[in-house]
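Here's the structure, in structure tokens; my notes come after.
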Number of protein chains: 2
Amino acid sequence: MSGGDAYVVSDRTRVKRKPGRGVYDKEAVHSILDEAFLCHVGYVGKDGQPFVIPTAYARVGEKLYLHGAASNYLLKTLKTGAPVCVTVTIMDGLVLARSTFHHSMNYRSVVILGSAEPVTDASEKNAALEAIVEHIVPGRSAEARSPTGPELTATSVVSLTLSEVSAKCRSGPPIDDKPDMALPVWAGVLPFDSLAGIGQPQPDPLLEPGIDVPPSVAHYTRPSAKQAGK
Amino acid sequence: MSGGDAYVVSDRTRVKRKPGRGVYDKEAVHSILDEAFLCHVGYVGKDGQPFVIPTAYARVGEKLYLHGAASNYLLKTLKTGAPVCVTVTIMDGLVLARSTFHHSMNYRSVVILGSAEPVTDASEKNAALEAIVEHIVPGRSAEARSPTGPELTATSVVSLTLSEVSAKCRSGPPIDDKPDMALPVWAGVLPFDSLAGIGQPQPDPLLEPGIDVPPSVAHYTRPSAKQAGK
């Protein structure tokens, strides 16, 4: 969070509730986007009904790439340049205060507003798809078979420029009201670490014999939360 | 997923892409909502811009409760009865296929459409707030100080009826194209278990001496993913 580049704050991205939790520093935003790999994409459907769809993504520089089947309604909508919101949330812990009122969560979230653009250039599209695979399982794109022409045609990719962006973060212990501090109630944080949730690889039951677990899986890890502006 | 009650499928909730992943069974939807505790709420702001905001929730019967500071823009918007989408996603694993094209994720997600209603009845509001605490940390509401009158006034609660609801789930190994099955590429699933990510409780540095870690924290657990329609 040191004085690096920051996103310009707009009236739509300024964190209004608990403004002290607002983060606009590019490096801090990038670190959150790079640690997670699941986002929730919001768009407005017919009759003004909002929809929120989970999907994977990757960041390359100041662009966020999303992909999906070309027949996918979300991708079709994004390609029209409709207004979109992409939100990425990392839950870091449960904050248990002496009062139920001051219970909270430690989290880091990024909200990106804008309009996506279809990625039609073949080399950018290839690079974006590889970036998504590499973002989720580093090293995997060199292990698995690359996409064929028909597979590329069946896949849509859109990019969203990181321009109207803000992060909101909470960390640290609970903050209780002074009169509650003497209560005989345990208070603290129950941390969550998404890294620790990774289990043992489960080989495909149809896997040919003699194929070892590859490095991308054997040494799977996510960027440490400790680097992520905490 | 056996023949229990199911939500009526509307044109807006029918899973169109990969319809075989669509789940409308109430018990299966409930189990996903009860295992997770973070949702992403979508609403439409000024000029048709969608916003997606992470927040906590609890389910009581066929109602989903959301809460927040009364001054919170999200809560103010929800209280107007604006159209809303609440999405809950549990990531169960990375699916590594022999081709990058067939890489996927195992997940369970629920999408709820509708309009929220403000909860103004004092006893329903109290029960909803207690349900949110109990949903996230079972047993905690009996340990911590209950909300005061001013705290209740400062908090808004809304309910969303589970009516237009669908779930979408993927589980199991990768599904590769036949010609790829003979490739010397490891394929399988790298499972994630959010339960395993829970760390050691971190007491508030300001905690009075002699206060033990309470049962709600010492025995913290989430409903098992194995019960959740997998």
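Chain lettering (A, B, ...) mirrors the order of the structure tokens, residue numbering begins at 1 for each chain separately, and ligand numbering begins at 1 in order of display.
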Members of segment 61-145 of chain A assigned helix (DSSP H, G or I) by DSSP, as a JSON list (two decimals) with C-alpha atoms, in the first residue's frame:
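Output contents, as saved in selection.json:
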```json
[["chain", "number", "residue", "atom", "x", "y", "z"],
["A", 73, "TYR", "CA", -25.65, -15.81, -22.35],
["A", 74, "LEU", "CA", -23.23, -14.01, -20.02],
["A", 75, "LEU", "CA", -20.53, -13.86, -22.68],
["A", 76, "LYS", "CA", -23.02, -12.77, -25.35],
["A", 77, "THR", "CA", -24.16, -9.96, -23.05],
["A", 78, "LEU", "CA", -20.64, -8.87, -22.16],
["A", 79, "LYS", "CA", -19.67, -8.73, -25.83],
["A", 100, "THR", "CA", -22.85, -9.48, 18.45],
["A", 101, "PHE", "CA", -23.22, -5.99, 16.94],
["A", 102, "HIS", "CA", -19.46, -5.66, 16.33],
["A", 122, "ALA", "CA", -6.20, -14.41, -32.44],
["A", 123, "SER", "CA", -2.95, -13.89, -30.58],
["A", 124, "GLU", "CA", -4.55, -11.85, -27.78],
["A", 125, "LYS", "CA", -7.31, -14.47, -27.49],
["A", 126, "ASN", "CA", -4.79, -17.31, -27.27],
["A", 127, "ALA", "CA", -2.74, -15.42, -24.73],
["A", 128, "ALA", "CA", -5.83, -14.61, -22.65],
["A", 129, "LEU", "CA", -6.96, -18.25, -22.54],
["A", 130, "GLU", "CA", -3.46, -19.35, -21.60],
["A", 131, "ALA", "CA", -3.38, -16.64, -18.92],
["A", 132, "ILE", "CA", -6.62, -17.97, -17.40],
["A", 133, "VAL", "CA", -5.25, -21.53, -17.25],
["A", 134, "GLU", "CA", -1.90, -20.31, -15.88],
["A", 135, "HIS", "CA", -3.61, -18.05, -13.34],
["A", 136, "ILE", "CA", -5.60, -20.92, -11.90],
["A", 140, "ARG", "CA", -0.64, -26.35, -16.56],
["A", 141, "SER", "CA", -0.78, -24.91, -20.08],
["A", 142, "ALA", "CA", 2.53, -26.60, -20.94]]
```
| query | What residues in chain A lie within 6 Å of chain B, counting only C-alpha atoms, written as a ChimeraX atom specification? | reply | /A:42-43,49-52,83-85,98-101,144-147,173,186-194,196-199,201-204,211
| said: So that I can check the secondary structure, give me every residue of segment 25-224 of chain B assigned strand (DSSP E or B) by backbone DSSP, as number ranges by chain. | reply: B: 25, 38-44, 50-56, 58-60, 63-69, 83-96, 99, 104-115, 117-118, 145, 155-161, 164-170, 188-192, 198, 202-203
